[in-house]
file query-v4.txt (compact mmCIF, C-alpha atoms)
# COMPACT_ATOMS: atom_id res chain seq x y z
CA MET A 1 117.39 95.20 91.29
CA ALA A 2 118.32 97.59 88.47
CA GLU A 3 116.09 95.57 86.13
CA SER A 4 113.48 97.93 84.80
CA SER A 5 110.37 95.77 84.50
CA LEU A 6 111.00 94.26 87.93
CA ASN A 7 111.33 97.77 89.36
CA ALA A 8 108.20 98.91 87.53
CA LEU A 9 106.30 95.99 89.06
CA VAL A 10 107.54 96.82 92.57
CA GLU A 11 106.54 100.47 92.09
CA ALA A 12 103.08 99.50 90.82
CA LEU A 13 102.54 97.16 93.78
CA ARG A 14 103.58 99.91 96.21
CA ARG A 15 100.56 101.95 95.16
CA LEU A 16 98.28 99.38 96.77
CA PRO A 17 97.01 100.52 100.17
CA GLY A 18 99.06 99.15 103.06
CA VAL A 19 101.92 97.97 100.85
CA GLY A 20 105.39 99.43 101.47
CA ILE A 21 108.63 98.86 99.63
CA LYS A 22 109.49 95.61 101.41
CA SER A 23 106.07 94.00 100.93
CA ALA A 24 106.04 95.13 97.29
CA GLN A 25 109.42 93.48 96.69
CA ARG A 26 108.28 90.34 98.46
CA MET A 27 105.12 90.21 96.33
CA ALA A 28 107.05 90.78 93.09
CA PHE A 29 109.64 88.14 93.94
CA HIS A 30 106.95 85.68 94.99
CA LEU A 31 104.96 86.14 91.78
CA LEU A 32 108.00 85.82 89.52
CA GLN A 33 109.51 82.89 91.37
CA HIS A 34 106.49 80.83 92.35
CA ASP A 35 103.30 82.10 90.76
CA ARG A 36 103.65 83.56 87.27
CA ASP A 37 100.27 82.12 86.49
CA GLY A 38 98.82 84.08 89.43
CA ALA A 39 100.53 87.23 88.16
CA LEU A 40 98.87 86.91 84.75
CA ARG A 41 95.53 86.12 86.37
CA LEU A 42 95.83 89.22 88.54
CA ALA A 43 96.69 91.35 85.48
CA GLN A 44 93.57 90.07 83.72
CA ALA A 45 91.38 90.55 86.80
CA LEU A 46 92.56 94.16 87.13
CA ARG A 47 91.72 94.93 83.50
CA ASP A 48 88.35 93.20 83.69
CA ALA A 49 87.38 95.02 86.86
CA VAL A 50 88.41 98.43 85.50
CA ASP A 51 86.50 97.71 82.28
CA LYS A 52 83.33 96.31 83.77
CA VAL A 53 82.79 97.64 87.27
CA GLY A 54 80.92 100.92 87.41
CA HIS A 55 78.45 102.34 89.92
CA CYS A 56 74.82 101.42 90.55
CA GLN A 57 72.51 104.23 89.44
CA ARG A 58 70.32 103.84 92.51
CA CYS A 59 72.73 103.29 95.41
CA HIS A 60 76.12 104.20 93.86
CA THR A 61 77.83 101.01 95.04
CA PHE A 62 80.11 99.09 92.69
CA SER A 63 78.13 97.24 90.06
CA GLU A 64 78.57 95.67 86.65
CA GLN A 65 74.90 96.34 85.87
CA PRO A 66 73.23 99.77 85.67
CA VAL A 67 71.35 98.79 88.84
CA CYS A 68 73.11 96.50 91.35
CA GLU A 69 71.87 93.11 92.55
CA THR A 70 70.96 94.40 95.99
CA CYS A 71 68.79 97.20 94.58
CA ARG A 72 67.07 94.74 92.23
CA ASP A 73 66.44 92.14 94.96
CA PRO A 74 62.67 91.98 95.64
CA GLN A 75 63.35 90.27 98.99
CA ARG A 76 64.89 93.46 100.36
CA ASP A 77 62.83 95.76 102.54
CA ALA A 78 62.58 98.92 100.43
CA ARG A 79 61.27 100.92 103.40
CA LEU A 80 64.73 100.89 104.99
CA LEU A 81 67.64 102.82 103.47
CA CYS A 82 71.07 102.55 105.09
CA VAL A 83 73.61 105.27 104.26
CA VAL A 84 77.27 104.19 104.28
CA GLU A 85 80.50 105.88 103.26
CA SER A 86 81.93 103.18 101.00
CA PRO A 87 81.26 99.82 99.35
CA ALA A 88 83.64 98.34 101.97
CA ASP A 89 81.37 99.57 104.77
CA GLN A 90 78.39 98.13 102.91
CA ALA A 91 80.20 94.78 102.64
CA ALA A 92 80.85 94.84 106.41
CA LEU A 93 77.14 95.42 107.11
CA GLU A 94 76.18 92.67 104.65
CA ARG A 95 78.51 90.22 106.41
CA THR A 96 76.55 90.65 109.65
CA GLY A 97 73.53 89.15 107.90
CA SER A 98 71.24 91.23 110.10
CA TYR A 99 70.23 93.99 107.69
CA HIS A 100 67.71 93.37 104.94
CA GLY A 101 66.95 96.86 103.67
CA LEU A 102 68.57 98.81 100.85
CA TYR A 103 71.69 101.00 100.77
CA PHE A 104 72.93 104.36 99.61
CA VAL A 105 76.72 104.65 99.27
CA LEU A 106 78.11 108.18 99.62
CA LEU A 107 81.54 107.29 98.20
CA GLY A 108 83.08 109.73 100.66
CA ARG A 109 82.31 111.84 103.68
CA LEU A 110 82.32 115.52 104.47
CA SER A 111 85.86 116.75 104.82
CA PRO A 112 86.02 120.54 104.53
CA LEU A 113 89.80 120.55 104.98
CA ASP A 114 90.20 118.35 101.89
CA GLY A 115 87.60 120.37 100.01
CA VAL A 116 84.96 117.63 100.16
CA GLY A 117 81.59 119.35 100.60
CA ALA A 118 77.93 118.36 100.53
CA ARG A 119 77.89 118.31 96.72
CA ASP A 120 80.78 115.82 96.46
CA ILE A 121 79.11 113.18 98.60
CA GLY A 122 75.88 113.32 96.60
CA VAL A 123 73.53 114.78 99.22
CA ALA A 124 71.09 115.88 96.50
CA GLU A 125 71.01 112.35 95.03
CA LEU A 126 70.45 110.89 98.49
CA LEU A 127 67.54 113.27 99.16
CA GLU A 128 66.01 112.32 95.82
CA ARG A 129 66.57 108.60 96.46
CA ALA A 130 65.14 108.79 100.00
CA GLY A 131 62.15 110.80 98.80
CA ASP A 132 60.86 108.06 96.47
CA GLY A 133 57.75 107.61 98.62
CA VAL A 134 58.70 104.07 99.64
CA VAL A 135 61.58 104.76 102.05
CA GLU A 136 60.31 105.27 105.59
CA GLU A 137 63.47 105.20 107.63
CA VAL A 138 67.01 106.27 106.79
CA ILE A 139 69.72 104.61 108.91
CA LEU A 140 72.92 106.66 109.02
CA ALA A 141 75.86 104.26 109.20
CA THR A 142 78.71 106.65 108.50
CA SER A 143 81.87 106.20 110.59
CA PHE A 144 82.06 107.31 114.21
CA THR A 145 84.92 109.66 113.42
CA ALA A 146 84.74 113.46 113.45
CA GLU A 147 84.16 113.53 109.70
CA GLY A 148 81.66 110.69 109.73
CA GLU A 149 79.71 112.33 112.56
CA ALA A 150 79.66 115.68 110.74
CA THR A 151 78.37 113.90 107.64
CA ALA A 152 75.66 112.14 109.66
CA HIS A 153 74.66 115.43 111.28
CA LEU A 154 74.30 117.24 107.94
CA LEU A 155 72.38 114.36 106.36
CA ALA A 156 70.08 113.98 109.39
CA GLN A 157 69.07 117.65 109.21
CA ALA A 158 68.36 117.58 105.48
CA LEU A 159 66.44 114.28 105.68
CA ARG A 160 64.36 115.31 108.70
CA GLU A 161 63.38 118.53 106.91
CA ARG A 162 61.73 116.28 104.34
CA GLY A 163 59.76 114.47 107.03
CA LEU A 164 61.78 111.25 106.94
CA LYS A 165 62.55 109.19 110.02
CA VAL A 166 66.30 109.24 110.58
CA THR A 167 68.25 106.87 112.87
CA ARG A 168 71.92 106.32 113.59
CA LEU A 169 73.82 103.10 114.35
CA ALA A 170 74.05 102.64 118.12
CA ARG A 171 77.26 103.75 119.74
CA GLY A 172 78.50 101.65 122.64
CA VAL A 173 80.83 99.04 124.00
CA PRO A 174 82.07 96.61 121.30
CA ALA A 175 80.96 92.98 121.61
CA GLY A 176 83.48 90.80 123.40
CA SER A 177 85.37 93.64 125.06
CA GLU A 178 86.26 93.99 128.74
CA LEU A 179 85.09 97.31 130.13
CA GLU A 180 88.46 97.96 131.72
CA TYR A 181 90.10 98.24 128.30
CA VAL A 182 87.42 100.28 126.52
CA ASP A 183 88.24 103.96 125.97
CA LEU A 184 86.47 106.50 128.19
CA SER A 185 84.62 108.28 125.42
CA THR A 186 83.01 105.00 124.34
CA ILE A 187 81.98 104.15 127.91
CA ALA A 188 80.56 107.65 128.41
CA HIS A 189 78.47 107.33 125.25
CA ALA A 190 77.31 103.85 126.24
CA LEU A 191 76.19 105.24 129.60
CA VAL A 192 74.24 108.11 128.06
CA GLU A 193 72.65 105.86 125.45
CA ARG A 194 71.90 102.99 127.91
CA ARG A 195 68.62 101.22 127.38
CA MET B 1 79.74 91.76 96.48
CA ALA B 2 78.13 89.24 94.15
CA GLU B 3 79.65 91.07 91.19
CA SER B 4 81.84 88.58 89.38
CA SER B 5 84.74 90.69 88.13
CA LEU B 6 85.05 92.41 91.49
CA ASN B 7 85.13 89.00 93.18
CA ALA B 8 87.67 87.72 90.67
CA LEU B 9 89.89 90.72 91.47
CA VAL B 10 89.63 90.13 95.21
CA GLU B 11 90.49 86.45 94.71
CA ALA B 12 93.49 87.30 92.52
CA LEU B 13 94.78 89.83 95.07
CA ARG B 14 94.43 87.25 97.86
CA ARG B 15 97.08 85.12 96.19
CA LEU B 16 99.69 87.78 96.95
CA PRO B 17 101.83 86.84 99.97
CA GLY B 18 100.61 88.41 103.21
CA VAL B 19 97.24 89.46 101.78
CA GLY B 20 94.09 88.09 103.38
CA ILE B 21 90.47 88.56 102.43
CA LYS B 22 90.08 91.92 104.15
CA SER B 23 93.23 93.46 102.69
CA ALA B 24 92.32 92.11 99.26
CA GLN B 25 88.88 93.74 99.46
CA ARG B 26 90.40 96.98 100.65
CA MET B 27 92.88 96.94 97.76
CA ALA B 28 90.20 96.19 95.18
CA PHE B 29 87.87 98.91 96.52
CA HIS B 30 90.73 101.41 96.65
CA LEU B 31 91.82 100.71 93.08
CA LEU B 32 88.28 100.92 91.69
CA GLN B 33 87.28 103.98 93.68
CA HIS B 34 90.45 106.06 93.69
CA ASP B 35 93.10 104.66 91.39
CA ARG B 36 91.87 102.99 88.21
CA ASP B 37 94.91 104.34 86.48
CA GLY B 38 97.10 102.57 89.06
CA ALA B 39 95.15 99.34 88.49
CA LEU B 40 95.85 99.44 84.75
CA ARG B 41 99.48 100.31 85.37
CA LEU B 42 99.79 97.34 87.75
CA ALA B 43 98.17 95.04 85.16
CA GLN B 44 100.70 96.17 82.55
CA ALA B 45 103.64 95.88 84.97
CA LEU B 46 102.61 92.31 85.83
CA ARG B 47 102.47 91.31 82.17
CA ASP B 48 105.76 93.01 81.35
CA ALA B 49 107.55 91.39 84.27
CA VAL B 50 106.23 87.92 83.45
CA ASP B 51 107.21 88.40 79.80
CA LYS B 52 110.65 89.87 80.29
CA VAL B 53 112.10 88.77 83.60
CA GLY B 54 114.00 85.50 83.45
CA HIS B 55 117.03 84.25 85.33
CA CYS B 56 120.69 85.19 84.91
CA GLN B 57 122.68 82.31 83.42
CA ARG B 58 125.59 82.88 85.78
CA CYS B 59 124.00 83.62 89.16
CA HIS B 60 120.33 82.62 88.63
CA THR B 61 118.94 85.90 90.00
CA PHE B 62 116.09 87.67 88.20
CA SER B 63 117.32 89.35 85.02
CA GLU B 64 115.99 90.67 81.75
CA GLN B 65 119.32 89.95 80.10
CA PRO B 66 120.95 86.51 79.69
CA VAL B 67 123.56 87.70 82.21
CA CYS B 68 122.49 90.16 84.92
CA GLU B 69 123.94 93.60 85.56
CA THR B 70 125.74 92.52 88.71
CA CYS B 71 127.50 89.64 86.97
CA ARG B 72 128.50 91.95 84.11
CA ASP B 73 129.78 94.71 86.41
CA PRO B 74 133.62 94.90 86.05
CA GLN B 75 133.81 96.83 89.36
CA ARG B 76 132.70 93.73 91.27
CA ASP B 77 135.29 91.57 92.98
CA ALA B 78 135.01 88.28 91.08
CA ARG B 79 137.06 86.47 93.72
CA LEU B 80 134.15 86.61 96.16
CA LEU B 81 130.99 84.59 95.58
CA CYS B 82 128.08 84.98 98.00
CA VAL B 83 125.46 82.20 98.05
CA VAL B 84 121.92 83.31 98.96
CA GLU B 85 118.55 81.55 98.91
CA SER B 86 116.56 84.11 96.94
CA PRO B 87 116.73 87.38 94.97
CA ALA B 88 115.11 89.03 98.02
CA ASP B 89 118.04 87.96 100.21
CA GLN B 90 120.41 89.26 97.54
CA ALA B 91 118.56 92.60 97.55
CA ALA B 92 118.91 92.78 101.36
CA LEU B 93 122.67 92.24 101.11
CA GLU B 94 122.92 94.83 98.32
CA ARG B 95 121.10 97.40 100.45
CA THR B 96 123.84 97.14 103.10
CA GLY B 97 126.26 98.54 100.52
CA SER B 98 129.07 96.59 102.17
CA TYR B 99 129.46 93.70 99.75
CA HIS B 100 131.16 94.13 96.40
CA GLY B 101 131.62 90.57 95.21
CA LEU B 102 129.35 88.44 93.04
CA TYR B 103 126.36 86.25 93.92
CA PHE B 104 124.89 82.84 93.35
CA VAL B 105 121.16 82.53 94.01
CA LEU B 106 119.96 79.03 94.94
CA LEU B 107 116.25 79.83 94.40
CA GLY B 108 115.42 77.57 97.31
CA ARG B 109 116.95 75.65 100.18
CA LEU B 110 117.22 72.03 101.17
CA SER B 111 113.91 70.84 102.50
CA PRO B 112 113.72 67.04 102.51
CA LEU B 113 110.20 67.06 103.93
CA ASP B 114 108.98 69.08 100.92
CA GLY B 115 111.01 66.93 98.55
CA VAL B 116 113.57 69.67 97.84
CA GLY B 117 116.96 67.97 97.49
CA ALA B 118 120.47 68.92 96.41
CA ARG B 119 119.53 68.75 92.74
CA ASP B 120 116.63 71.21 93.07
CA ILE B 121 118.77 73.97 94.52
CA GLY B 122 121.37 73.70 91.78
CA VAL B 123 124.35 72.41 93.76
CA ALA B 124 126.01 71.14 90.58
CA GLU B 125 125.66 74.57 88.93
CA LEU B 126 127.08 76.24 92.03
CA LEU B 127 130.09 73.90 92.05
CA GLU B 128 130.70 74.63 88.39
CA ARG B 129 130.27 78.39 88.90
CA ALA B 130 132.56 78.42 91.96
CA GLY B 131 135.16 76.33 90.15
CA ASP B 132 135.76 78.91 87.40
CA GLY B 133 139.33 79.47 88.62
CA VAL B 134 138.64 83.08 89.64
CA VAL B 135 136.48 82.57 92.74
CA GLU B 136 138.65 82.27 95.86
CA GLU B 137 136.10 82.49 98.65
CA VAL B 138 132.48 81.36 98.81
CA ILE B 139 130.41 83.16 101.46
CA LEU B 140 127.39 81.14 102.54
CA ALA B 141 124.55 83.55 103.32
CA THR B 142 121.65 81.12 103.55
CA SER B 143 119.14 81.71 106.35
CA PHE B 144 119.91 80.83 109.95
CA THR B 145 116.98 78.45 110.09
CA ALA B 146 117.22 74.65 110.31
CA GLU B 147 116.79 74.34 106.54
CA GLY B 148 119.15 77.19 105.74
CA GLU B 149 121.80 75.72 108.06
CA ALA B 150 121.43 72.26 106.50
CA THR B 151 121.83 73.84 103.07
CA ALA B 152 124.95 75.70 104.20
CA HIS B 153 126.39 72.52 105.70
CA LEU B 154 125.90 70.51 102.51
CA LEU B 155 127.30 73.27 100.31
CA ALA B 156 130.30 73.85 102.60
CA GLN B 157 131.27 70.17 102.39
CA ALA B 158 130.98 70.03 98.62
CA LEU B 159 132.85 73.30 98.10
CA ARG B 160 135.68 72.46 100.53
CA GLU B 161 136.20 69.13 98.75
CA ARG B 162 137.10 71.21 95.70
CA GLY B 163 139.68 73.18 97.66
CA LEU B 164 137.65 76.40 97.90
CA LYS B 165 137.68 78.66 100.95
CA VAL B 166 134.20 78.63 102.47
CA THR B 167 132.90 81.15 105.03
CA ARG B 168 129.52 81.75 106.64
CA LEU B 169 127.84 85.03 107.68
CA ALA B 170 128.60 85.72 111.35
CA ARG B 171 125.91 84.71 113.81
CA GLY B 172 125.47 86.98 116.81
CA VAL B 173 123.52 89.66 118.57
CA PRO B 174 121.64 91.93 116.11
CA ALA B 175 122.73 95.57 115.92
CA GLY B 176 120.73 97.87 118.19
CA SER B 177 119.36 95.13 120.42
CA GLU B 178 119.43 94.97 124.22
CA LEU B 179 120.97 91.75 125.47
CA GLU B 180 118.10 91.18 127.88
CA TYR B 181 115.65 90.73 125.00
CA VAL B 182 117.81 88.57 122.73
CA ASP B 183 116.91 84.86 122.64
CA LEU B 184 119.21 82.48 124.47
CA SER B 185 120.34 80.51 121.43
CA THR B 186 121.59 83.72 119.78
CA ILE B 187 123.47 84.77 122.92
CA ALA B 188 125.01 81.31 123.25
CA HIS B 189 126.22 81.43 119.65
CA ALA B 190 127.54 84.97 120.10
CA LEU B 191 129.52 83.76 123.15
CA VAL B 192 131.03 80.81 121.34
CA GLU B 193 131.88 82.89 118.27
CA ARG B 194 133.21 85.88 120.27
CA ARG B 195 136.24 87.62 118.84
call {"tool": "encode", "arguments": {"input": "query-v4.txt", "output": "structure tokens"}}
result
Amino acid sequence: MAESSLNALVEALRRLPGVGIKSAQRMAFHLLQHDRDGALRLAQALRDAVDKVGHCQRCHTFSEQPVCETCRDPQRDARLLCVVESPADQAALERTGSYHGLYFVLLGRLSPLDGVGARDIGVAELLERAGDGVVEEVILATSFTAEGEATAHLLAQALRERGLKVTRLARGVPAGSELEYVDLSTIAHALVERR
Amino acid sequence: MAESSLNALVEALRRLPGVGIKSAQRMAFHLLQHDRDGALRLAQALRDAVDKVGHCQRCHTFSEQPVCETCRDPQRDARLLCVVESPADQAALERTGSYHGLYFVLLGRLSPLDGVGARDIGVAELLERAGDGVVEEVILATSFTAEGEATAHLLAQALRERGLKVTRLARGVPAGSELEYVDLSTIAHALVERR
């Protein structure tokens, strides 16, 4: 294990989220022993992605074009704008297949302790985007964490001041869960927001 | 998510062991959003490792030199030869710090159902290596699975025929475990092999 390029590979793999020293070693060993072709393909894919993937000018999600496919899609309902924290959250919403409007990706959330303020999450850009005269409703789909809620609160105020209709994803009991095992705060919210 | 180089990256990451579609997406998003430098470093590390890392002529472990550091180390006890299935198993033994002999890495184990026979795991090379006149004891450290045991059995026979002393890692109750939670087969073996 004192071999330098093997160690360098293990160290580079450890920087991936959720990968510790043991997984990194296992990945490195696997690639070198069974899948050198896969290793080279991964190297090329990493370079290509870093070279080509930028951000959409309209919604800030990842895109290889100046404006992403979703924003260019004429089938999308341009009256709806859904605000998410990250491209991963956008992908999760897309997988549901039940949203057909457009997106705005904050690429972050308010986090005063980490020095992330309103400017860093592009509030001004969002206000400009939402004020294009076509958007009628802004759906806030930030996380239901303290930071996500604070972000939603700030955005809701600023958007409502401009006369836009602002909604928030419903909070409640997750599909498929038994009430007995759901945490109390979730049940309390589901009670208050019953319909 | 219809962006082709982003998709290609996610697909390439999915080929890593233990990485499913969600982890692969999370890794790709993380690299592009927060660590493009890390992505390029990983690409370079992959190429370097594939270019430079081969196998040691003596013990078959990963090495950038014709003969690996361990095999060249004069501090090692050349009378002891430990047979493991993979470089990962070798690394696990090295981490214990309690073995100071040399290694032989099979790079596999007998698996008749997958068509892996005695030739594929280098039995002939092991017999040659162990018959160098210096090795006195061969420690079989293959896994304690059906395939690992079959491999150990075959190797033990072949090595004993050549008059070599053959031992096997002790089987027993793992350190730190409560007897109540240890599986019966392990307890039975620990009873039989009590000392």
call {"tool": "closest_residue", "arguments": {"input": "query-v4.txt", "among": "B:Ile21, B:Leu42, B:Leu93, B:Val135", "to": "Asp77 in chain B", "atoms": "all atoms listed in the file"}}
result
B:Val135
call {"tool": "atom_distance", "arguments": {"input": "query-v4.txt", "atom1": "CA of Arg162 in chain B", "atom2": "CA of Glu128 in chain B"}}
result
10.3 Å
call {"tool": "interface_residues", "arguments": {"input": "query-v4.txt", "of": "chain A", "to": "chain B", "cutoff": "7 Å", "atoms": "all atoms listed in the file", "output": "number ranges by chain"}}
result
A: 1, 3, 5-6, 8-9, 12-13, 16-17, 26-27, 29, 32, 36, 38-50, 63-64, 88, 91
call {"tool": "closest_residue", "arguments": {"input": "query-v4.txt", "among": "A:Phe144, A:Arg160, A:Thr167, A:Ser177", "to": "His189 in chain A", "atoms": "only C-alpha atoms"}}
result
A:Phe144
call {"tool": "atom_distance", "arguments": {"input": "query-v4.txt", "atom1": "CA of Thr186 in chain B", "atom2": "CA of Gly101 in chain B"}}
result
27.4 Å
call {"tool": "atom_distance", "arguments": {"input": "query-v4.txt", "atom1": "CA of Ala188 in chain B", "atom2": "CA of Glu149 in chain B"}}
result
16.5 Å
